[in-house]
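S.K.: Below is my_file-v2.cif; it holds mmCIF, C-alpha atoms (C1' of nucleotides).
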data_my_file
loop_
_atom_site.label_atom_id
_atom_site.label_comp_id
_atom_site.auth_asym_id
_atom_site.auth_seq_id
_atom_site.Cartn_x
_atom_site.Cartn_y
_atom_site.Cartn_z
CA MET U 894 78.60 134.52 113.81
CA TYR U 895 75.98 131.81 114.20
CA ASP U 896 75.27 131.52 110.49
CA LEU U 897 77.16 128.36 109.76
CA PHE U 898 75.87 126.67 112.88
CA PHE U 899 72.26 127.20 111.91
CA GLN U 900 72.92 126.44 108.30
CA LYS U 901 74.23 123.00 109.29
CA PHE U 902 71.41 122.57 111.78
CA GLN U 903 68.78 123.30 109.19
CA GLU U 904 70.31 120.87 106.75
CA LYS U 905 69.17 118.23 109.20
CA VAL U 906 66.19 119.82 110.92
CA PRO U 907 64.35 122.95 109.66
CA LEU U 908 63.69 125.69 112.20
CA SER U 909 61.39 128.71 112.37
CA ASN U 910 62.94 132.06 113.21
CA GLU U 911 61.55 131.87 116.70
CA GLU U 912 63.03 128.45 117.28
CA GLN U 913 66.35 129.69 116.03
CA GLU U 914 66.32 132.58 118.46
CA GLN U 915 65.28 130.28 121.27
CA ILE U 916 68.22 127.96 120.61
CA LYS U 917 70.66 130.79 120.04
CA ALA U 918 70.07 131.94 123.62
CA TYR U 919 71.75 128.75 124.84
CA LEU U 920 74.90 129.08 122.76
CA THR U 921 78.21 130.69 123.69
CA PRO U 922 80.87 131.89 121.26
CA LYS U 923 84.53 131.33 122.00
CA LYS U 924 87.82 132.08 120.27
CA LEU U 925 90.98 130.03 120.45
CA ARG U 926 94.48 131.00 119.46
CA LYS U 927 96.78 128.65 117.65
CA ARG U 928 98.00 125.87 119.97
CA GLN U 929 95.44 126.74 122.59
CA TYR U 930 93.61 123.88 124.27
CA LEU U 931 89.86 123.59 124.24
CA LEU U 932 90.18 120.51 126.43
CA GLN U 933 93.03 118.76 128.20
CA LYS U 934 93.15 115.10 129.07
CA GLY U 935 92.13 114.69 132.70
CA ASP U 936 89.78 117.67 132.74
CA VAL U 937 86.07 117.20 132.35
CA CYS U 938 84.77 118.13 128.91
CA LYS U 939 82.35 120.95 129.54
CA ALA U 940 81.02 121.61 126.05
CA ILE U 941 80.26 120.41 122.57
CA ALA U 942 82.05 122.71 120.16
CA PHE U 943 80.91 123.70 116.69
CA VAL U 944 83.63 125.15 114.47
CA GLU U 945 82.71 128.40 112.74
CA LYS U 946 86.26 129.08 111.65
CA GLY U 947 89.68 127.49 111.95
CA THR U 948 91.01 123.97 112.51
CA LEU U 949 91.16 121.77 115.59
CA ARG U 950 92.50 118.35 116.41
CA GLU U 951 91.47 115.82 119.00
CA TYR U 952 94.16 113.39 120.06
CA SER U 953 95.20 110.86 122.65
CA VAL U 954 98.63 110.58 124.20
CA GLU U 955 99.67 107.01 124.87
CA SER U 956 103.08 106.36 126.40
CA GLY U 957 104.53 109.52 124.93
CA SER U 958 103.20 109.30 121.41
CA GLU U 959 100.25 111.23 120.05
CA HIS U 960 97.43 109.73 118.03
CA ILE U 961 95.01 111.99 116.26
CA ILE U 962 91.43 110.88 116.65
CA GLN U 963 89.71 113.59 114.71
CA PHE U 964 90.20 116.84 112.88
CA ALA U 965 87.53 119.52 112.82
CA ILE U 966 87.24 122.40 110.39
CA GLU U 967 84.47 124.87 109.57
CA GLY U 968 81.07 123.30 109.94
CA TRP U 969 82.21 120.33 112.01
CA THR U 970 81.44 119.51 115.60
CA ILE U 971 83.99 118.27 118.10
CA SER U 972 83.94 117.10 121.70
CA ASP U 973 84.99 114.32 124.02
CA LEU U 974 81.47 112.96 124.13
CA PHE U 975 82.17 110.34 126.75
CA SER U 976 83.55 112.87 129.19
CA PHE U 977 80.87 115.41 128.29
CA LEU U 978 78.03 113.01 128.95
CA THR U 979 79.35 111.19 131.99
CA GLY U 980 81.36 113.90 133.71
CA GLU U 981 84.37 111.55 133.82
CA PRO U 982 87.82 113.02 133.07
CA ALA U 983 88.56 113.35 129.38
CA THR U 984 90.86 110.84 127.70
CA TYR U 985 91.59 113.14 124.79
CA HIS U 986 93.10 116.54 124.19
CA ILE U 987 91.43 119.03 121.90
CA GLU U 988 93.62 121.80 120.53
CA ALA U 989 93.44 124.53 117.91
CA ILE U 990 95.81 123.95 115.00
CA GLU U 991 94.94 127.35 113.61
CA GLU U 992 93.22 130.27 115.26
CA ALA U 993 89.58 129.27 115.64
CA GLU U 994 86.11 130.57 116.36
CA LEU U 995 83.78 128.18 118.09
CA ILE U 996 80.21 127.97 119.25
CA LEU U 997 79.87 126.09 122.49
CA ILE U 998 76.96 124.12 123.86
CA SER U 999 77.56 123.69 127.59
CA LYS U 1000 76.36 120.69 129.53
CA SER U 1001 73.51 122.62 131.12
CA ALA U 1002 72.54 124.18 127.79
CA HIS U 1003 72.53 120.71 126.25
CA GLU U 1004 70.27 119.33 128.96
CA GLU U 1005 67.90 122.28 128.84
CA LEU U 1006 67.67 122.18 125.09
CA LEU U 1007 66.80 118.49 125.18
CA LYS U 1008 63.93 119.38 127.50
CA VAL U 1009 62.55 122.46 125.82
CA GLN U 1010 63.13 121.83 122.13
CA PRO U 1011 62.41 118.43 120.57
CA LYS U 1012 64.10 119.53 117.36
CA TYR U 1013 67.34 119.82 119.24
CA GLU U 1014 67.10 116.20 120.26
CA THR U 1015 66.43 115.23 116.68
CA TYR U 1016 69.40 117.26 115.52
CA MET U 1017 71.63 115.60 118.10
CA ARG U 1018 70.41 112.16 117.11
CA LEU U 1019 71.14 112.80 113.47
CA LEU U 1020 74.48 114.43 114.21
CA ILE U 1021 75.68 111.47 116.23
CA THR U 1022 74.30 108.99 113.75
CA GLY U 1023 76.32 110.66 111.03
CA ALA U 1024 79.42 110.66 113.20
CA TYR U 1025 78.94 107.00 113.98
CA ILE U 1026 78.58 106.01 110.35
CA ALA U 1027 81.64 108.04 109.36
CA LEU U 1028 83.69 106.51 112.14
CA GLN U 1029 82.62 103.02 111.21
CA ARG U 1030 83.72 103.56 107.63
CA ARG U 1031 87.01 104.94 108.78
CA HIS U 1032 87.57 102.01 111.05
CA THR U 1033 86.65 99.55 108.34
CA SER U 1034 89.05 101.08 105.89
CA ASN U 1035 91.67 101.06 108.61
CA ILE U 1036 91.58 97.34 109.11
CA SER U 1037 90.85 96.30 105.55
CA LEU U 1038 92.65 98.59 103.13
CA PRO U 1039 96.36 98.90 102.36
CA VAL U 1040 97.94 102.04 103.77
CA GLU U 1041 98.34 103.66 100.40
CA GLU U 1042 94.65 103.46 99.66
CA ARG U 1043 93.78 104.78 103.08
CA TYR U 1044 95.92 107.81 102.39
CA ARG U 1045 94.43 108.27 98.95
CA ASN U 1046 90.92 108.04 100.36
CA PHE U 1047 91.78 110.62 102.94
CA THR U 1048 93.13 113.10 100.46
CA GLU U 1049 90.09 112.63 98.24
CA MET U 1050 87.64 112.88 101.10
CA TYR U 1051 89.26 115.82 102.89
CA PRO U 1052 91.35 117.80 100.42
CA ASP U 1053 90.86 120.93 102.52
CA ILE U 1054 92.37 119.28 105.58
CA VAL U 1055 95.37 118.10 103.59
CA GLN U 1056 95.99 121.75 102.68
CA ARG U 1057 95.80 123.05 106.18
CA VAL U 1058 97.39 120.48 108.40
CA PRO U 1059 101.04 119.36 108.63
CA GLN U 1060 101.73 116.01 107.08
CA HIS U 1061 102.88 114.30 110.23
CA MET U 1062 99.45 114.92 111.74
CA ILE U 1063 97.81 113.20 108.83
CA ALA U 1064 100.21 110.30 109.38
CA SER U 1065 99.12 110.20 112.99
CA TYR U 1066 95.47 110.23 111.98
CA LEU U 1067 96.08 107.30 109.67
CA GLY U 1068 97.97 105.43 112.37
CA LEU U 1069 101.39 105.75 110.71
CA THR U 1070 104.75 107.30 111.49
CA PRO U 1071 105.66 110.44 109.54
CA GLU U 1072 108.50 108.54 107.88
CA THR U 1073 106.20 105.84 106.58
CA LEU U 1074 103.76 108.36 105.14
CA SER U 1075 106.59 110.23 103.49
CA ARG U 1076 107.76 107.02 101.83
CA ILE U 1077 104.31 106.13 100.66
CA ARG U 1078 103.90 109.53 99.09
CA LYS U 1079 107.19 109.12 97.34
CA LYS U 1080 106.16 105.75 95.98
CA MET U 1081 102.87 107.19 94.75
CA ALA U 1082 104.63 110.14 93.12
CA ASN U 1083 107.16 107.91 91.37
CA ARG U 1084 104.42 105.96 89.68
CA GLU U 1085 103.08 109.10 88.02
CA MET O 617 60.42 86.89 124.09
CA TYR O 618 60.61 90.67 124.33
CA ASP O 619 61.86 90.70 127.88
CA LEU O 620 65.48 91.47 127.24
CA PHE O 621 64.62 94.09 124.64
CA PHE O 622 62.50 96.07 127.06
CA GLN O 623 64.89 95.52 129.90
CA LYS O 624 67.65 97.18 127.87
CA PHE O 625 65.26 99.86 126.69
CA GLN O 626 64.23 100.72 130.21
CA GLU O 627 67.82 100.94 131.35
CA LYS O 628 68.01 103.99 129.13
CA VAL O 629 64.40 105.25 129.06
CA PRO O 630 61.66 104.15 131.49
CA LEU O 631 58.33 103.14 129.95
CA SER O 632 54.81 102.66 131.26
CA ASN O 633 53.06 99.39 130.49
CA GLU O 634 50.93 101.10 127.86
CA GLU O 635 53.97 102.55 126.16
CA GLN O 636 55.60 99.15 126.17
CA GLU O 637 52.58 97.59 124.50
CA GLN O 638 52.44 100.39 122.00
CA ILE O 639 56.04 99.85 121.00
CA LYS O 640 55.77 96.07 121.02
CA ALA O 641 53.20 96.30 118.25
CA TYR O 642 55.90 97.59 115.91
CA LEU O 643 58.40 94.80 116.56
CA THR O 644 58.88 91.54 114.69
CA PRO O 645 60.60 88.42 116.03
CA LYS O 646 62.87 86.41 113.79
CA LYS O 647 65.00 83.31 114.17
CA LEU O 648 68.23 82.55 112.36
CA ARG O 649 70.01 79.26 112.04
CA LYS O 650 73.76 78.97 112.32
CA ARG O 651 75.47 80.46 109.24
CA GLN O 652 72.30 82.11 108.08
CA TYR O 653 72.53 85.66 106.79
CA LEU O 654 70.53 88.48 108.26
CA LEU O 655 71.98 90.77 105.62
CA GLN O 656 74.16 90.31 102.57
CA LYS O 657 76.41 92.93 101.08
CA GLY O 658 74.65 94.54 98.16
CA ASP O 659 71.17 94.12 99.59
CA VAL O 660 69.44 96.98 101.36
CA CYS O 661 69.40 96.62 105.12
CA LYS O 662 65.74 96.46 106.03
CA ALA O 663 65.90 96.32 109.82
CA ILE O 664 67.68 97.08 113.04
CA ALA O 665 68.12 93.80 114.91
CA PHE O 666 68.14 93.32 118.65
CA VAL O 667 69.65 90.03 119.81
CA GLU O 668 67.53 88.12 122.32
CA LYS O 669 69.62 84.99 122.01
CA GLY O 670 72.65 83.77 120.06
CA THR O 671 75.65 85.39 118.41
CA LEU O 672 76.03 87.35 115.19
CA ARG O 673 78.87 88.92 113.31
CA GLU O 674 78.98 91.85 110.94
CA TYR O 675 81.86 91.85 108.47
CA SER O 676 83.18 93.34 105.30
CA VAL O 677 84.80 91.43 102.47
CA GLU O 678 87.61 93.31 100.82
CA SER O 679 89.50 91.66 97.93
CA GLY O 680 88.77 88.20 99.25
CA SER O 681 89.53 88.67 102.89
CA GLU O 682 86.97 89.12 105.65
CA HIS O 683 87.15 91.76 108.34
CA ILE O 684 84.85 91.57 111.30
CA ILE O 685 83.34 94.91 112.21
CA GLN O 686 81.21 93.89 115.12
CA PHE O 687 79.99 90.97 117.15
CA ALA O 688 76.55 90.94 118.74
CA ILE O 689 75.36 88.72 121.56
CA GLU O 690 72.31 88.79 123.84
CA GLY O 691 71.24 92.32 124.60
CA TRP O 692 73.15 93.96 121.74
CA THR O 693 71.82 95.68 118.67
CA ILE O 694 73.20 95.19 115.18
CA SER O 695 72.53 96.67 111.76
CA ASP O 696 74.16 98.27 108.76
CA LEU O 697 72.96 101.70 109.84
CA PHE O 698 74.12 103.48 106.74
CA SER O 699 72.22 101.18 104.45
CA PHE O 700 69.21 101.12 106.76
CA LEU O 701 68.94 104.88 106.90
CA THR O 702 69.76 105.77 103.31
CA GLY O 703 68.39 102.77 101.44
CA GLU O 704 71.76 102.33 99.73
CA PRO O 705 73.10 98.78 99.26
CA ALA O 706 74.79 97.40 102.34
CA THR O 707 78.57 97.24 102.47
CA TYR O 708 78.60 94.62 105.21
CA HIS O 709 77.38 91.11 105.74
CA ILE O 710 75.57 90.16 108.93
CA GLU O 711 75.47 86.46 109.77
CA ALA O 712 74.54 84.22 112.68
CA ILE O 713 77.53 82.47 114.23
CA GLU O 714 75.20 80.47 116.44
CA GLU O 715 71.49 79.93 116.17
CA ALA O 716 69.88 83.22 117.12
CA GLU O 717 66.60 84.88 118.09
CA LEU O 718 66.19 88.46 117.04
CA ILE O 719 63.74 91.28 117.39
CA LEU O 720 63.54 93.39 114.27
CA ILE O 721 62.61 97.01 113.87
CA SER O 722 61.77 97.54 110.21
CA LYS O 723 62.36 100.80 108.41
CA SER O 724 58.69 101.71 108.47
CA ALA O 725 58.36 100.73 112.14
CA HIS O 726 61.37 102.88 112.90
CA GLU O 727 59.90 105.88 111.13
CA GLU O 728 56.49 105.47 112.70
CA LEU O 729 57.95 105.04 116.16
CA LEU O 730 59.95 108.23 115.77
CA LYS O 731 56.70 110.02 114.99
CA VAL O 732 54.40 108.56 117.61
CA GLN O 733 56.66 107.93 120.58
CA PRO O 734 59.24 110.53 121.67
CA LYS O 735 60.77 108.03 124.07
CA TYR O 736 61.72 105.91 121.12
CA GLU O 737 63.69 108.79 119.66
CA THR O 738 65.42 109.29 122.98
CA TYR O 739 66.23 105.61 123.18
CA MET O 740 67.69 105.66 119.67
CA ARG O 741 69.74 108.72 120.44
CA LEU O 742 71.21 107.14 123.54
CA LEU O 743 71.76 103.82 121.79
CA ILE O 744 73.72 105.39 118.97
CA THR O 745 75.62 107.65 121.32
CA GLY O 746 76.77 104.59 123.26
CA ALA O 747 77.73 102.81 120.08
CA TYR O 748 79.68 105.84 118.91
CA ILE O 749 81.63 106.14 122.14
CA ALA O 750 82.43 102.43 122.17
CA LEU O 751 83.59 102.55 118.57
CA GLN O 752 85.75 105.57 119.21
CA ARG O 753 87.50 103.81 122.07
CA ARG O 754 88.01 100.76 119.98
CA HIS O 755 89.49 102.80 117.18
CA THR O 756 91.73 104.68 119.56
CA SER O 757 93.10 101.51 121.08
CA ASN O 758 93.57 100.17 117.56
CA ILE O 759 95.89 102.92 116.51
CA SER O 760 97.62 103.53 119.80
CA LEU O 761 98.08 100.26 121.66
CA PRO O 762 100.38 97.32 120.91
CA VAL O 763 98.57 94.26 119.61
CA GLU O 764 99.03 92.30 122.77
CA GLU O 765 97.28 94.89 124.87
CA ARG O 766 94.47 95.16 122.36
CA TYR O 767 93.89 91.46 122.67
CA ARG O 768 94.08 91.59 126.44
CA ASN O 769 91.59 94.46 126.55
CA PHE O 770 89.26 92.51 124.32
CA THR O 771 89.33 89.41 126.48
CA GLU O 772 88.74 91.49 129.60
CA MET O 773 85.97 93.50 128.06
CA TYR O 774 84.16 90.67 126.33
CA PRO O 775 85.02 87.38 128.08
CA ASP O 776 81.70 85.90 126.92
CA ILE O 777 82.51 86.53 123.27
CA VAL O 778 85.92 84.92 123.67
CA GLN O 779 84.13 81.80 124.89
CA ARG O 780 81.69 81.61 122.05
CA VAL O 781 83.54 82.68 118.95
CA PRO O 782 86.39 80.96 117.10
CA GLN O 783 89.75 82.54 117.62
CA HIS O 784 90.35 83.46 114.00
CA MET O 785 87.29 85.68 114.13
CA ILE O 786 88.69 87.52 117.09
CA ALA O 787 91.90 87.94 115.13
CA SER O 788 89.85 89.39 112.29
CA TYR O 789 88.06 91.74 114.67
CA LEU O 790 91.42 92.95 115.96
CA GLY O 791 92.76 93.39 112.44
CA LEU O 792 95.23 90.50 112.62
CA THR O 793 95.82 87.22 110.86
CA PRO O 794 94.97 84.06 112.85
CA GLU O 795 98.65 83.11 112.85
CA THR O 796 99.69 86.38 114.44
CA LEU O 797 97.09 86.09 117.16
CA SER O 798 98.13 82.53 117.85
CA ARG O 799 101.73 83.64 118.28
CA ILE O 800 100.79 86.48 120.56
CA ARG O 801 98.79 84.15 122.75
CA LYS O 802 101.74 81.83 122.93
CA LYS O 803 104.03 84.64 123.95
CA MET O 804 101.59 85.74 126.64
CA ALA O 805 101.23 82.19 127.94
CA ASN O 806 104.99 81.65 128.08
CA ARG O 807 105.40 84.64 130.34
CA GLU O 808 103.12 83.11 132.95
"C1'" DC W 1139 80.19 56.38 113.42
"C1'" DC W 1140 82.89 57.86 109.68
"C1'" DA W 1141 84.18 61.45 106.38
"C1'" DT W 1142 84.68 66.12 105.92
"C1'" DT W 1143 85.40 70.52 107.29
"C1'" DT W 1144 87.01 73.76 110.42
"C1'" DC W 1145 90.41 75.28 113.40
"C1'" DA W 1146 94.77 76.43 115.99
"C1'" DT W 1147 99.50 75.94 115.90
"C1'" DT W 1148 104.12 75.96 114.06
"C1'" DG W 1149 108.12 76.78 110.89
"C1'" DA W 1150 110.50 79.18 107.17
"C1'" DC W 1151 110.53 83.05 104.69
"C1'" DA W 1152 108.87 87.72 102.75
"C1'" DA W 1153 106.91 92.14 103.17
"C1'" DA W 1154 105.58 96.12 105.72
"C1'" DA W 1155 106.21 99.39 109.07
"C1'" DG W 1156 108.86 101.36 112.86
"C1'" DT W 1157 113.22 103.36 114.90
"C1'" DC W 1158 117.18 106.14 114.97
"C1'" DA W 1159 119.98 109.52 113.09
"C1'" DA W 1160 121.19 113.03 109.85
"C1'" DT W 1161 120.11 116.77 106.52
"C1'" DG W 1162 118.24 120.81 104.63
"C1'" DG W 1163 114.44 123.64 104.06
"C1'" DT W 1164 110.53 126.37 106.32
"C1'" DT W 1165 108.31 128.79 109.54
"C1'" DT W 1166 108.02 131.02 113.89
"C1'" DT W 1167 109.69 133.71 117.52
"C1'" DT W 1168 112.28 137.08 119.60
"C1'" DA L 3 117.56 139.69 110.91
"C1'" DA L 4 119.27 135.95 113.52
"C1'" DA L 5 118.16 132.03 116.40
"C1'" DA L 6 115.22 128.50 117.42
"C1'" DA L 7 111.75 125.29 116.55
"C1'" DC L 8 109.37 122.65 113.30
"C1'" DC L 9 108.99 119.78 109.42
"C1'" DA L 10 109.62 116.44 105.45
"C1'" DT L 11 112.75 113.43 103.54
"C1'" DT L 12 116.18 109.84 103.26
"C1'" DG L 13 119.29 105.88 104.58
"C1'" DA L 14 120.54 101.92 107.39
"C1'" DC L 15 118.79 98.80 110.31
"C1'" DT L 16 115.32 96.30 113.49
"C1'" DT L 17 110.96 94.67 114.71
"C1'" DT L 18 106.49 93.36 113.65
"C1'" DT L 19 103.25 91.21 110.93
"C1'" DG L 20 101.85 88.63 106.90
"C1'" DT L 21 102.14 84.57 103.66
"C1'" DC L 22 102.44 79.89 102.51
"C1'" DA L 23 102.55 75.24 103.71
"C1'" DA L 24 102.06 71.39 106.78
"C1'" DT L 25 100.17 68.98 110.84
"C1'" DG L 26 97.08 67.19 114.14
"C1'" DA L 27 93.09 68.00 116.93
"C1'" DA L 28 88.29 69.05 117.30
"C1'" DA L 29 83.73 69.91 115.68
"C1'" DT L 30 80.17 69.03 112.27
"C1'" DG L 31 77.10 66.76 109.19
"C1'" DG L 32 75.25 62.98 107.03
#
If you took the structure in this file and wrote it as structure tokens, what would it be?

M.R.:
Amino acid sequence: MYDLFFQKFQEKVPLSNEEQEQIKAYLTPKKLRKRQYLLQKGDVCKAIAFVEKGTLREYSVESGSEHIIQFAIEGWTISDLFSFLTGEPATYHIEAIEEAELILISKSAHEELLKVQPKYETYMRLLITGAYIALQRRHTSNISLPVEERYRNFTEMYPDIVQRVPQHMIASYLGLTPETLSRIRKKMANRE
Amino acid sequence: MYDLFFQKFQEKVPLSNEEQEQIKAYLTPKKLRKRQYLLQKGDVCKAIAFVEKGTLREYSVESGSEHIIQFAIEGWTISDLFSFLTGEPATYHIEAIEEAELILISKSAHEELLKVQPKYETYMRLLITGAYIALQRRHTSNISLPVEERYRNFTEMYPDIVQRVPQHMIASYLGLTPETLSRIRKKMANRE
DNA sequence: CCATTTCATTGACAAAAGTCAATGGTTTTT
DNA sequence: AAAAACCATTGACTTTTGTCAATGAAATGG
């Protein structure tokens, strides 16, 4: 159950067996059914979630329309960090697209782990650094590349997500309407 | 010279005088003239820069056109983190818009500080977490808000940058052409 | 202080993306 | 198994944004 979590952890920071057991004591498993919320806008985000199985999406709702901020599949971590850290109401929804198995780090677990296990702090630092770099690249490509290339990059970078997620959600992630993405795909297909 | 740096540091992590002196020993001051590069695309980013004075911009150049990724004024930190951490060539330029005074943390200083001073790791973690949250909000507003509101948010959030930076750079930051921003401003002004 | 460069604005036009509505195929639910 | 909900695609049309070119004002550098 915790295999993938610790595998990913150890890719960044090696742990002894004892350390692993120590950390494991702070973690909580949780299952979600399809369409079930992990977090709803307005609630306070109470955990950082690591995905052992399944697919989730994090999205904002702005004047009726949804905008997908992030997908998360096996091995990824997802949360509304701002809400989690400050205790302010969340601005995003997080929802299971498919049935999912998660490992949760609660706020109190997070704070305790920072105190008792320096390797946890290092892991968090590296995790967020990676997320920041990825987000920066995404943002850069968003404002500098033509839509078609952005879509192509996405399919090359995340072929597994393309398989598992409806197309209109990928459009939303790329900041497009479903119609526009459909037309771009058609144009790309016609050139082959 | 290091006042602002340690002021910002202590807002996140308090330090004793000894700790401050210890850390200071790893820092290097640097001045830039207007238009001078701190980093050029293709070079390896050798430092994290804290701005004591002046204004910098970080931007990408994609098929001839520039796209501003970030501004940095007094009290902000700027770097091509990916290049800094991996040693890969930078994908961004960083340049002084006005004459600037910086405090640099070199790669080796960064690595040493992580080893010898846990508070430095905590500071870095919190710094990057803040940057990540800010970037996520920016990206969200980019894909979900109409241009006019994005501009309004920017002017409200960073009135000092609006004062100090030419308008076409703000357009670039928002992902617009200068002409489009000019027209939006006109529209906004006409409604008053 | 003059020459040059940079900058913001505007107009005319082109290209890109969004909106609305309809269709037909899937999948999901009951 | 039938009904309902979801989904991708397409067409006609509108809105938004970009491109190119010109102008005049302001800032910059020698």

S.K.: I need the residue set behind the PyMOL selection byres ((chain U) within 6 of (chain O)) for this file; please write it as a list of chain:residue names.

M.R.: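 Evaluating the PyMOL selection byres ((chain U) within 6 of (chain O)) on this file yields U:Arg1018, U:Tyr1025, U:Ile1036, U:Gly1068.
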
S.K.: Show me, as a PyMOL selection string, the residues of chain U whose atoms get within 10 Å of chain W, using all atoms listed in the file for the distance check.

M.R.: chain U and resi 1040+1069-1070+1072-1073

S.K.: Convert the current residue selection to file output with C-alpha atoms, as a compact mmCIF listing (two decimals), in the frame of the given file.

M.R.:
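To be explicit, this is the file written out as again-v3.txt:
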# COMPACT_ATOMS: atom_id res chain seq x y z
CA VAL U 1040 97.94 102.04 103.77
CA LEU U 1069 101.39 105.75 110.71
CA THR U 1070 104.75 107.30 111.49
CA GLU U 1072 108.50 108.54 107.88
CA THR U 1073 106.20 105.84 106.58

S.K.: What separation in Å, quoted to one decimal, exists between atom CA of Thr979 of chain U and atom CA of Leu997 of chain U?

M.R.: 17.7 Å

S.K.: Ranking L:DG20, L:DA6, L:DG26, L:DA14 by minimum distance to chain O and counting only C-alpha atoms (C1' of nucleotides), which one comes first?

M.R.: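 The closest residue to chain O is L:DG20.
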
S.K.: If you measure from atom CA of Ala940 of chain U to atom CA of Ser999 of chain U, what distance in Å do you get, rounded to one decimal?

M.R.: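 Computing the Euclidean distance for atom CA of Ala940 of chain U and atom CA of Ser999 of chain U yields 4.3 Å.
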
S.K.: I need the residue set behind the PyMOL selection byres ((chain L) within 12 of (chain U)) for this file; please write it as a list in words.

M.R.: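 For this structure, the PyMOL selection byres ((chain L) within 12 of (chain U)) resolves to DC8, DC9, DA10, DT11, DT12 and DG13 of chain L.
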
S.K.: I'd like to see the residues matched by the PyMOL selection byres ((chain O and resi 688) around 8) on this file, and ideally I'd get them as a PDB file with C-alpha atoms, keeping the file's coordinate frame.

M.R.:
ATOM      1  CA  VAL O 667      69.650  90.030 119.810  1.00  0.00           C
ATOM      2  CA  THR O 671      75.650  85.390 118.410  1.00  0.00           C
ATOM      3  CA  LEU O 672      76.030  87.350 115.190  1.00  0.00           C
ATOM      4  CA  ARG O 673      78.870  88.920 113.310  1.00  0.00           C
ATOM      5  CA  GLN O 686      81.210  93.890 115.120  1.00  0.00           C
ATOM      6  CA  PHE O 687      79.990  90.970 117.150  1.00  0.00           C
ATOM      7  CA  ILE O 689      75.360  88.720 121.560  1.00  0.00           C
ATOM      8  CA  GLU O 690      72.310  88.790 123.840  1.00  0.00           C
ATOM      9  CA  TRP O 692      73.150  93.960 121.740  1.00  0.00           C
ATOM     10  CA  THR O 693      71.820  95.680 118.670  1.00  0.00           C
ATOM     11  CA  ILE O 694      73.200  95.190 115.180  1.00  0.00           C
TER      12      ILE O 694
END

S.K.: Give me the residues near Asp896 of chain U as a PyMOL selection string, where near means some atom within 12 Å (using only C-alpha atoms (C1' of nucleotides)) and where sequence neighbours in that chain fewer than 2 positions away do not count.

M.R.: chain U and resi 894+898-903+913+917+943-946+967-968+995-996

S.K.: Could you work out how far atom CA of Met785 of chain O lies from atom CA of Glu715 of chain O, giving the answer in Å with one decimal?

M.R.: 16.9 Å

S.K.: Choose the residue, out of O:Asn806, O:Phe770, O:Gly703, O:Pro762, that has the smallest atom-to-atom separation from DT18 of chain L; count only C-alpha atoms (C1' of nucleotides).

M.R.: O:Pro762
